[in-house]
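K.L.:
final_22.csv is reproduced below (CSV, C-alpha atoms).
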```csv
chain,number,residue,atom,x,y,z
A,127,MET,CA,0.0,0.0,0.0
A,128,LYS,CA,2.9,2.4,0.6
A,129,ARG,CA,3.7,2.2,-3.1
A,130,TYR,CA,0.4,4.1,-3.8
A,131,LEU,CA,1.6,7.1,-1.9
A,132,LEU,CA,3.5,7.8,-5.1
A,133,LEU,CA,0.1,8.9,-6.6
A,134,PHE,CA,0.3,12.0,-4.4
A,135,PHE,CA,3.9,13.0,-5.2
A,136,PRO,CA,6.1,13.5,-8.3
A,137,LEU,CA,7.4,10.2,-9.7
A,138,TRP,CA,11.1,10.9,-9.9
A,139,LEU,CA,13.2,13.5,-8.1
A,140,GLY,CA,15.1,15.6,-10.6
A,141,ALA,CA,12.7,14.6,-13.4
A,142,THR,CA,11.4,17.1,-16.0
A,143,PRO,CA,8.0,18.5,-14.9
A,144,LEU,CA,5.2,18.1,-17.4
A,145,ALA,CA,4.5,21.9,-17.3
A,146,THR,CA,8.1,22.4,-18.5
A,147,LEU,CA,7.6,20.0,-21.4
A,148,ILE,CA,4.4,21.8,-22.4
A,149,GLU,CA,5.9,25.2,-22.4
A,150,ASN,CA,8.9,24.1,-24.4
A,151,ALA,CA,6.7,22.4,-26.9
A,152,LYS,CA,4.5,25.5,-27.3
A,153,ASN,CA,7.6,27.8,-27.8
A,154,THR,CA,9.9,25.7,-30.0
A,155,HIS,CA,8.1,22.8,-31.7
A,156,ILE,CA,8.8,23.0,-35.5
A,157,SER,CA,5.2,22.2,-36.5
A,158,LEU,CA,4.0,25.4,-34.7
A,159,SER,CA,6.9,27.5,-36.2
A,160,ALA,CA,5.6,26.7,-39.7
A,161,ILE,CA,2.1,28.2,-38.9
A,162,GLU,CA,3.7,31.2,-37.1
A,163,GLN,CA,5.7,32.0,-40.2
A,164,LYS,CA,2.6,31.9,-42.3
A,165,LEU,CA,0.9,34.2,-39.8
A,166,SER,CA,3.7,36.7,-40.2
A,167,SER,CA,3.1,36.8,-44.0
A,168,ILE,CA,-0.5,37.8,-43.6
A,169,ASP,CA,0.4,41.4,-42.6
A,170,ASP,CA,2.1,41.8,-46.0
A,171,GLU,CA,-1.0,40.4,-47.7
A,172,TYR,CA,-3.1,43.0,-45.9
A,173,ASP,CA,-0.8,45.9,-47.0
A,174,ALA,CA,-1.0,44.6,-50.6
A,175,SER,CA,-4.9,44.5,-50.4
A,176,ARG,CA,-4.9,48.2,-49.8
A,177,ASN,CA,-3.0,49.0,-53.0
A,178,PHE,CA,-4.4,49.7,-56.4
A,179,THR,CA,-3.6,47.3,-59.2
A,180,ASN,CA,-0.4,48.2,-61.1
A,181,PRO,CA,-0.9,50.8,-63.8
A,182,GLU,CA,-0.2,50.0,-67.5
A,183,LEU,CA,2.4,52.1,-69.4
A,184,SER,CA,2.2,52.1,-73.2
A,185,LEU,CA,4.6,53.5,-75.7
A,186,SER,CA,3.6,53.6,-79.4
A,187,VAL,CA,4.5,55.1,-82.8
A,188,GLY,CA,1.5,55.7,-85.1
A,189,ASP,CA,1.1,56.1,-88.8
A,190,ILE,CA,4.5,54.9,-90.1
A,191,GLN,CA,4.7,55.6,-93.9
A,192,PHE,CA,6.2,52.7,-95.9
A,193,LYS,CA,7.6,55.0,-98.5
A,194,ASP,CA,9.6,57.0,-96.0
A,195,PRO,CA,9.5,55.2,-92.5
A,196,THR,CA,11.8,57.6,-90.8
A,197,ASN,CA,10.0,60.8,-91.8
A,198,ARG,CA,7.6,61.8,-89.0
A,199,SER,CA,6.3,65.0,-90.5
A,200,ILE,CA,4.5,63.9,-93.7
A,201,GLU,CA,1.0,64.4,-92.4
A,202,PRO,CA,-0.9,65.3,-89.1
A,203,MET,CA,-1.8,61.7,-88.1
A,204,GLN,CA,1.8,60.7,-87.5
A,205,TYR,CA,2.6,60.7,-83.8
A,206,SER,CA,4.7,59.1,-81.0
A,207,SER,CA,2.8,58.6,-77.7
A,208,ILE,CA,3.2,57.6,-74.1
A,209,SER,CA,0.0,56.7,-72.1
A,210,LEU,CA,-0.8,55.5,-68.6
A,211,LYS,CA,-3.8,53.3,-67.7
A,212,GLN,CA,-5.0,52.8,-64.2
A,213,LYS,CA,-7.9,50.7,-62.9
A,214,ILE,CA,-9.7,52.4,-60.0
A,215,PRO,CA,-11.2,50.0,-57.4
A,216,TYR,CA,-14.6,51.3,-56.5
A,217,PHE,CA,-17.7,50.4,-54.4
A,218,GLY,CA,-15.6,49.5,-51.3
A,219,LYS,CA,-13.8,46.6,-53.0
A,220,ARG,CA,-10.5,47.4,-51.3
A,221,ASP,CA,-12.1,47.3,-47.9
A,222,ALA,CA,-13.8,44.0,-48.8
A,223,ASN,CA,-10.4,42.5,-49.8
A,224,SER,CA,-8.9,43.8,-46.5
A,225,GLU,CA,-11.7,42.2,-44.5
A,226,LYS,CA,-11.0,38.9,-46.2
A,227,ILE,CA,-7.3,39.1,-45.3
A,228,THR,CA,-8.2,39.9,-41.7
A,229,ALA,CA,-10.6,36.9,-41.6
A,230,LYS,CA,-7.8,34.8,-43.1
A,231,LYS,CA,-5.4,35.9,-40.4
A,232,GLU,CA,-7.9,35.1,-37.7
A,233,LYS,CA,-8.5,31.7,-39.1
A,234,LEU,CA,-4.8,31.0,-39.2
A,235,SER,CA,-4.4,32.2,-35.6
A,236,PHE,CA,-7.0,29.7,-34.5
A,237,SER,CA,-5.3,27.1,-36.6
A,238,LEU,CA,-2.2,27.7,-34.6
A,239,GLU,CA,-4.2,27.5,-31.4
A,240,GLU,CA,-5.7,24.2,-32.5
A,241,ALA,CA,-2.3,22.8,-33.3
A,242,LYS,CA,-1.0,23.8,-29.8
A,243,VAL,CA,-4.0,22.2,-28.1
A,244,LYS,CA,-3.6,19.0,-30.0
A,245,LEU,CA,0.2,18.9,-29.4
A,246,ILE,CA,-0.4,19.5,-25.6
A,247,GLU,CA,-3.0,16.8,-25.5
A,248,ALA,CA,-0.7,14.3,-27.2
A,249,LEU,CA,2.1,15.3,-24.9
A,250,LYS,CA,0.0,14.8,-21.8
A,251,THR,CA,-1.4,11.4,-22.8
A,252,THR,CA,2.1,10.2,-23.7
A,253,ALA,CA,3.4,11.3,-20.4
A,254,TYR,CA,0.5,9.5,-18.6
A,255,SER,CA,1.3,6.4,-20.6
A,256,ILE,CA,4.9,6.6,-19.4
A,257,TRP,CA,3.7,6.8,-15.8
A,258,GLN,CA,1.4,3.8,-16.5
A,259,ILE,CA,4.1,1.6,-17.9
A,260,GLU,CA,6.7,2.6,-15.2
A,261,GLU,CA,4.2,1.7,-12.5
A,262,ASN,CA,3.4,-1.6,-14.2
A,263,ILE,CA,7.2,-2.3,-14.3
A,264,LYS,CA,7.4,-1.5,-10.6
A,265,ILE,CA,4.7,-3.9,-9.6
A,266,THR,CA,6.0,-6.6,-12.0
A,267,ASN,CA,9.5,-6.2,-10.4
A,268,ASP,CA,7.8,-6.5,-6.9
A,269,ASN,CA,6.0,-9.7,-8.0
A,270,ILE,CA,9.2,-11.2,-9.5
A,271,LYS,CA,11.0,-10.6,-6.2
A,272,LEU,CA,8.2,-12.0,-4.1
A,273,THR,CA,7.7,-15.1,-6.3
A,274,ASP,CA,11.4,-15.8,-6.3
A,275,GLN,CA,11.7,-15.4,-2.5
A,276,ASN,CA,8.7,-17.6,-1.9
A,277,ILE,CA,9.9,-20.4,-4.2
A,278,ASP,CA,13.1,-20.5,-2.1
A,279,LEU,CA,11.2,-20.4,1.1
A,280,TYR,CA,8.7,-23.0,0.0
A,281,THR,CA,11.5,-25.3,-1.2
A,282,SER,CA,13.2,-25.0,2.2
A,283,TYR,CA,10.1,-25.8,4.3
A,284,SER,CA,8.0,-28.2,2.1
A,285,SER,CA,8.4,-31.9,1.6
A,286,SER,CA,9.6,-33.5,-1.7
A,287,ASP,CA,6.3,-35.1,-2.7
A,288,ASN,CA,4.9,-34.6,-6.2
A,289,ARG,CA,2.4,-31.9,-5.1
A,290,SER,CA,5.1,-29.8,-3.7
A,291,HIS,CA,7.2,-30.3,-6.8
A,292,MET,CA,4.2,-29.2,-9.0
A,293,GLY,CA,3.7,-26.1,-6.9
A,294,ILE,CA,7.3,-25.1,-7.4
A,295,MET,CA,7.1,-25.7,-11.1
A,296,SER,CA,3.9,-23.7,-11.4
A,297,ALA,CA,5.6,-20.8,-9.5
A,298,GLU,CA,8.6,-20.9,-11.7
A,299,LEU,CA,6.4,-20.8,-14.9
A,300,SER,CA,4.6,-17.8,-13.3
A,301,LEU,CA,8.1,-16.2,-12.7
A,302,SER,CA,9.1,-16.7,-16.3
A,303,GLU,CA,5.9,-15.0,-17.5
A,304,LEU,CA,6.5,-12.0,-15.2
A,305,LYS,CA,10.1,-11.6,-16.6
A,306,ILE,CA,8.8,-11.8,-20.2
A,307,LYS,CA,6.1,-9.2,-19.3
A,308,LYS,CA,8.8,-6.9,-17.9
A,309,ILE,CA,10.9,-7.1,-21.1
A,310,LYS,CA,7.8,-6.1,-23.1
A,311,LEU,CA,6.9,-3.2,-20.8
A,312,GLU,CA,10.5,-1.9,-21.0
A,313,SER,CA,10.4,-2.0,-24.8
A,314,ILE,CA,7.2,0.0,-24.8
A,315,LEU,CA,8.6,2.5,-22.4
A,316,THR,CA,11.6,3.2,-24.7
A,317,GLY,CA,9.3,4.1,-27.5
A,318,LEU,CA,7.2,6.3,-25.3
A,319,TYR,CA,10.2,8.3,-24.2
A,320,LYS,CA,11.2,8.9,-27.8
A,321,LYS,CA,7.7,10.1,-28.6
A,322,VAL,CA,7.5,12.5,-25.6
A,323,SER,CA,11.0,13.8,-26.6
A,324,TYR,CA,9.7,14.6,-30.1
A,325,LEU,CA,6.4,16.2,-28.8
A,326,SER,CA,8.2,18.4,-26.2
A,327,ALA,CA,11.1,19.2,-28.6
A,328,MET,CA,13.7,18.3,-26.0
A,329,ASP,CA,15.5,15.2,-24.7
A,330,VAL,CA,13.5,13.6,-22.0
A,331,SER,CA,14.6,10.7,-19.8
A,332,SER,CA,12.2,11.1,-16.9
A,333,VAL,CA,8.9,12.9,-16.4
A,334,GLU,CA,7.7,14.5,-13.2
A,335,LEU,CA,3.9,14.1,-12.7
A,336,ASN,CA,1.4,14.7,-10.0
A,337,MET,CA,-1.1,11.9,-10.3
A,338,LYS,CA,-3.5,12.8,-7.5
A,339,MET,CA,-7.0,12.0,-8.5
A,340,ASP,CA,-9.4,14.8,-7.6
A,341,ARG,CA,-13.2,14.5,-7.7
A,342,PRO,CA,-14.2,15.1,-11.3
A,343,LYS,CA,-15.7,18.4,-12.2
A,344,THR,CA,-19.4,18.4,-13.4
A,345,LEU,CA,-20.4,17.6,-16.9
A,346,GLN,CA,-21.8,21.1,-17.2
A,347,TYR,CA,-18.4,22.6,-16.6
A,348,PHE,CA,-17.1,21.0,-19.8
A,349,GLN,CA,-20.2,21.6,-21.8
A,350,ASP,CA,-20.3,25.3,-21.0
A,351,ALA,CA,-17.0,25.8,-22.7
A,352,THR,CA,-17.8,24.3,-26.1
A,353,ASN,CA,-17.5,27.7,-27.8
A,354,GLN,CA,-13.9,27.9,-26.5
A,355,ASN,CA,-13.0,24.7,-28.4
A,356,SER,CA,-10.1,25.5,-30.8
A,357,THR,CA,-11.6,23.6,-33.7
A,358,TYR,CA,-14.9,25.3,-33.2
A,359,LYS,CA,-13.2,28.7,-33.2
A,360,LEU,CA,-11.4,27.7,-36.4
A,361,LYS,CA,-14.6,26.7,-38.1
A,362,GLU,CA,-16.2,30.0,-37.0
A,363,ALA,CA,-13.2,31.9,-38.5
A,364,ALA,CA,-13.6,29.9,-41.7
A,365,THR,CA,-17.2,31.0,-41.9
A,366,LYS,CA,-16.2,34.7,-41.5
A,367,GLU,CA,-13.7,34.2,-44.3
A,368,ALA,CA,-16.4,32.7,-46.5
A,369,ALA,CA,-18.7,35.6,-45.7
A,370,ALA,CA,-15.9,38.1,-46.7
A,371,GLU,CA,-15.4,36.2,-49.9
A,372,LEU,CA,-19.1,36.4,-50.7
A,373,LYS,CA,-19.0,40.1,-50.2
A,374,ILE,CA,-16.1,40.4,-52.7
A,375,LYS,CA,-18.1,38.3,-55.2
A,376,GLU,CA,-21.2,40.5,-54.7
A,377,LEU,CA,-19.2,43.7,-55.4
A,378,ALA,CA,-17.6,42.1,-58.4
A,379,SER,CA,-20.8,42.8,-60.3
A,380,TYR,CA,-20.2,46.5,-60.0
A,381,VAL,CA,-17.7,47.5,-62.7
A,382,ASP,CA,-14.5,49.3,-61.8
A,383,PRO,CA,-13.6,52.1,-64.2
A,384,SER,CA,-10.2,52.3,-65.9
A,385,VAL,CA,-8.8,55.8,-66.6
A,386,GLN,CA,-6.2,56.3,-69.4
A,387,VAL,CA,-4.2,59.4,-70.1
A,388,GLY,CA,-2.0,59.7,-73.1
A,389,TYR,CA,0.5,62.3,-74.5
A,390,TYR,CA,0.9,62.4,-78.3
A,391,ARG,CA,3.9,64.1,-79.9
A,392,ARG,CA,4.0,65.2,-83.5
A,393,GLU,CA,7.0,66.6,-85.5
A,394,SER,CA,5.5,69.3,-87.6
A,395,PHE,CA,2.2,69.8,-85.9
A,396,GLU,CA,1.0,70.6,-82.3
A,397,ASP,CA,1.2,67.9,-79.6
A,398,TYR,CA,-2.0,66.9,-77.9
A,399,LEU,CA,-3.3,65.1,-74.8
A,400,SER,CA,-6.0,62.4,-74.8
A,401,VAL,CA,-8.1,61.2,-71.8
A,402,GLY,CA,-10.2,58.1,-71.8
A,403,ILE,CA,-12.3,56.0,-69.5
A,404,ALA,CA,-13.2,52.3,-69.9
A,405,PHE,CA,-15.5,49.7,-68.3
A,406,SER,CA,-15.6,45.9,-68.6
A,407,LEU,CA,-19.0,44.6,-69.6
A,408,PRO,CA,-20.3,41.8,-67.3
A,409,ILE,CA,-22.7,40.4,-69.9
A,410,TYR,CA,-21.9,36.7,-69.6
A,411,GLY,CA,-23.1,36.2,-66.0
A,412,THR,CA,-19.7,35.0,-64.7
A,413,GLU,CA,-19.8,37.2,-61.6
A,414,LYS,CA,-23.3,36.0,-60.7
A,415,SER,CA,-22.3,32.4,-60.9
A,416,GLN,CA,-19.2,33.1,-58.7
A,417,GLU,CA,-21.4,34.9,-56.2
A,418,GLU,CA,-23.8,32.0,-56.0
A,419,ALA,CA,-21.0,29.5,-55.5
A,420,SER,CA,-19.6,31.6,-52.7
A,421,ARG,CA,-23.1,31.9,-51.1
A,422,LYS,CA,-23.4,28.1,-51.1
A,423,LEU,CA,-19.9,27.7,-49.6
A,424,LEU,CA,-20.9,30.1,-46.8
A,425,LEU,CA,-24.0,28.1,-46.1
A,426,ALA,CA,-21.9,24.9,-46.0
A,427,ASN,CA,-19.6,26.5,-43.5
A,428,LYS,CA,-22.4,27.5,-41.2
A,429,SER,CA,-23.8,24.0,-41.4
A,430,GLU,CA,-20.4,22.5,-40.4
A,431,VAL,CA,-20.2,24.8,-37.4
A,432,SER,CA,-23.6,23.7,-36.2
A,433,ASP,CA,-22.9,20.1,-36.8
A,434,PHE,CA,-19.6,20.3,-35.0
A,435,GLN,CA,-21.2,21.8,-32.0
A,436,ASN,CA,-23.6,18.9,-31.7
A,437,SER,CA,-20.8,16.4,-32.3
A,438,LEU,CA,-18.6,18.1,-29.7
A,439,SER,CA,-21.3,18.0,-27.1
A,440,ALA,CA,-21.8,14.2,-27.6
A,441,GLU,CA,-18.0,13.7,-27.6
A,442,ILE,CA,-17.8,15.5,-24.2
A,443,GLU,CA,-20.5,13.4,-22.7
A,444,GLU,CA,-18.8,10.2,-23.9
A,445,ALA,CA,-15.4,11.3,-22.5
A,446,TYR,CA,-17.0,12.4,-19.2
A,447,ALA,CA,-18.6,8.9,-18.8
A,448,ARG,CA,-15.1,7.4,-19.2
A,449,LEU,CA,-13.8,9.9,-16.6
A,450,LEU,CA,-16.4,8.8,-14.1
A,451,TYR,CA,-15.8,5.1,-14.8
A,452,ALA,CA,-12.0,5.5,-14.2
A,453,HIS,CA,-12.6,7.4,-10.9
A,454,LYS,CA,-15.1,4.9,-9.6
A,455,THR,CA,-13.0,1.9,-10.6
A,456,TYR,CA,-10.0,3.3,-8.8
A,457,THR,CA,-12.0,4.1,-5.7
A,458,ILE,CA,-13.5,0.6,-5.5
A,459,ILE,CA,-10.1,-1.1,-6.0
A,460,GLN,CA,-8.3,1.1,-3.4
A,461,ASN,CA,-11.0,1.2,-0.8
A,462,ASP,CA,-12.5,-2.3,-1.1
A,463,SER,CA,-10.7,-4.9,-3.2
A,464,LEU,CA,-7.1,-4.3,-2.3
A,465,PRO,CA,-7.5,-4.1,1.5
A,466,LYS,CA,-9.3,-7.5,1.5
A,467,LEU,CA,-6.9,-9.1,-0.8
A,468,SER,CA,-3.9,-7.8,1.1
A,469,HIS,CA,-5.3,-9.4,4.3
A,470,MET,CA,-5.7,-12.8,2.5
A,471,PHE,CA,-2.2,-12.3,1.0
A,472,ASP,CA,-0.6,-11.7,4.4
A,473,LEU,CA,-2.2,-14.8,5.9
A,474,THR,CA,-1.2,-17.0,3.0
A,475,SER,CA,2.3,-15.6,2.8
A,476,SER,CA,2.9,-16.5,6.5
A,477,SER,CA,1.6,-20.0,6.1
A,478,ILE,CA,4.1,-20.8,3.3
A,479,GLN,CA,6.7,-21.3,6.1
A,480,ASN,CA,4.5,-24.1,7.5
A,481,GLY,CA,4.5,-25.9,4.2
A,482,ALA,CA,1.1,-24.7,2.9
A,483,ASP,CA,0.2,-25.1,-0.7
A,484,LEU,CA,2.2,-22.8,-3.0
A,485,PHE,CA,-0.6,-22.9,-5.6
A,486,VAL,CA,-2.8,-20.8,-3.4
A,487,TYR,CA,-0.1,-18.2,-2.8
A,488,ILE,CA,0.7,-17.9,-6.6
A,489,GLU,CA,-3.0,-17.5,-7.4
A,490,LEU,CA,-3.4,-14.7,-4.8
A,491,LEU,CA,-0.3,-13.1,-6.1
A,492,GLN,CA,-1.7,-13.1,-9.6
A,493,LYS,CA,-5.0,-11.6,-8.4
A,494,LYS,CA,-3.1,-8.8,-6.6
A,495,LEU,CA,-1.0,-8.1,-9.6
A,496,SER,CA,-4.2,-7.9,-11.7
A,497,LEU,CA,-5.9,-5.5,-9.2
A,498,ASP,CA,-2.7,-3.4,-9.1
A,499,GLU,CA,-2.7,-3.1,-12.8
A,500,GLN,CA,-6.4,-2.3,-13.0
A,501,SER,CA,-5.8,0.5,-10.4
A,502,ILE,CA,-2.9,1.9,-12.4
A,503,ASP,CA,-4.9,1.7,-15.6
A,504,ALA,CA,-7.8,3.5,-14.0
A,505,VAL,CA,-5.5,6.3,-12.9
A,506,ALA,CA,-4.0,6.6,-16.4
A,507,LEU,CA,-7.4,6.5,-18.1
A,508,TYR,CA,-8.6,9.2,-15.7
A,509,PHE,CA,-5.8,11.6,-16.6
A,510,LYS,CA,-5.8,10.8,-20.3
A,511,THR,CA,-9.5,11.4,-20.5
A,512,LEU,CA,-9.1,14.6,-18.5
A,513,ALA,CA,-6.5,15.7,-21.0
A,514,SER,CA,-9.0,15.1,-23.8
A,515,LEU,CA,-11.7,17.0,-22.0
A,516,GLU,CA,-9.3,19.9,-21.4
A,517,ALA,CA,-8.4,19.9,-25.0
A,518,MET,CA,-12.1,20.1,-25.9
A,519,ARG,CA,-12.3,23.2,-23.7
A,520,GLY,CA,-9.4,24.7,-25.6
A,521,GLU,CA,-7.1,24.7,-22.6
A,522,MET,CA,-3.3,25.1,-23.2
```
What would the structure in this file look like if it were written as structure tokens?

P.N.:
Amino acid sequence: MKRYLLLFFPLWLGATPLATLIENAKNTHISLSAIEQKLSSIDDEYDASRNFTNPELSLSVGDIQFKDPTNRSIEPMQYSSISLKQKIPYFGKRDANSEKITAKKEKLSFSLEEAKVKLIEALKTTAYSIWQIEENIKITNDNIKLTDQNIDLYTSYSSSDNRSHMGIMSAELSLSELKIKKIKLESILTGLYKKVSYLSAMDVSSVELNMKMDRPKTLQYFQDATNQNSTYKLKEAATKEAAAELKIKELASYVDPSVQVGYYRRESFEDYLSVGIAFSLPIYGTEKSQEEASRKLLLANKSEVSDFQNSLSAEIEEAYARLLYAHKTYTIIQNDSLPKLSHMFDLTSSSIQNGADLFVYIELLQKKLSLDEQSIDAVALYFKTLASLEAMRGEM
């Protein structure tokens, strides 16, 4: 029972705290840096959205006479010109483009937040799996030691009849199974430490965790924060971007004028200036089709947001049920099952010295190992589920 005091204290002195791993992951993980670099480019896109389109500069030579191409003074129509053409964005189109860039930046910001939340959730669940495996290795080592000791003790005090021999053989087979199980657990642990090192972006050889199980918060506590879910906020931002795109498509039906100013130079006649204005003719219905497509995409985004809310609510309820199951299972094992089994275990262990049946002892030892594992699994499930629920709340 003393071993379970570890639930209330960090696992290893000098180990890296989970909070340190989380902060380092948020600040340095390469997958987040990529999104941050994209975010920094949005400001440049915003500046570009406030600009006019580039003007067009034209140079031309008109009325070249084939009989005398170099002579530019034959008749009044001969000229050399330079002209400038500029499209003027009108009807609030620049503002609409800027609003779309702002919505895009907001969506990318929530994408970064979602990536952080998922990274932290994966980091937490991996750390809890490490604790789970390390605890299982501990109790496996304890059972190997106890089994080995009691085989020696039983051999010393028992007779050499066939039943005694079978009891020793059974105990030795159980001992072999425990050793094989330990090797498997150690292999899994190595992989988990490599994973947690990747997720935290630092070398990790030991993790400090506080595995004290508190009474679960209410279901309403988790349900009330669904609008803080990072994926929900990302979908909301995508809806805003789609609305901004629709506004751009609606304004596209209003034609922007193009203004052209030209200077015409003539050799033997007076120079002159020309001014013109041009409009595109939206006669093929392209703009209306694009507007309708954007409107349908906006409706689809709104439907996705509503559907995700319903799905998230159901997912929270399912996870909360697992949380309660884990807490109740741990409570039953610690307060009811293990105390009773420990009393039976102590009685049987002391009777081994009197030549009692080793089969009974090994059976009780296996039951205790099973209960210890169930207790450890319940604690790990509790904290892994809690990490998922915290991620659903958007906690970082």

K.L.:
Record the distance separating CA of Leu185 in chain A and CA of Pro215 in chain A, expressed in Å with one decimal.

P.N.:
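Value for the CA of Leu185 in chain A-CA of Pro215 in chain A distance: 24.4 Å.
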
K.L.:
Between CA of Ala145 in chain A and CA of Glu247 in chain A, measure the distance and give it in Å to one decimal.

P.N.:
12.2 Å

K.L.:
Which range 303-388 of chain A residues have any atom within 12 Å of an atom of range 396-399 of chain A, and for each, what is the nearest pair of atoms with distance in Å to one decimal, counting all atoms listed in the file, rows sorted by chain and number, as JSON lines?

P.N.:
```
{"residue": "A:Gln386", "atom": "CA", "partner": "A:Leu399", "partner_atom": "CA", "distance": 10.7}
{"residue": "A:Val387", "atom": "CA", "partner": "A:Leu399", "partner_atom": "CA", "distance": 7.4}
{"residue": "A:Gly388", "atom": "CA", "partner": "A:Leu399", "partner_atom": "CA", "distance": 5.8}
```

K.L.:
Would you pick out the contacts of Leu304 in chain A at 8 Å or less, using only C-alpha atoms, so that residues sharing its chain but fewer than 6 positions from it are not included, and give the list as a list in words?

P.N.:
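Residues meeting the cut-off are Thr266, Asn269 and Ile270 of chain A.
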
K.L.:
Could you name the residues that touch range 442-446 of chain A at 12 Å or less, counting all atoms listed in the file, but leaving out those on the same chain fewer than 4 positions away, as a ChimeraX atom specification?

P.N.:
/A:342-352,355,434-438,450-453,507-519

K.L.:
If you measure from CA of Leu272 in chain A to CA of Leu464 in chain A, what distance in Å do you get, rounded to one decimal?

P.N.:
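Straight-line distance from CA of Leu272 in chain A to CA of Leu464 in chain A works out to 17.2 Å.
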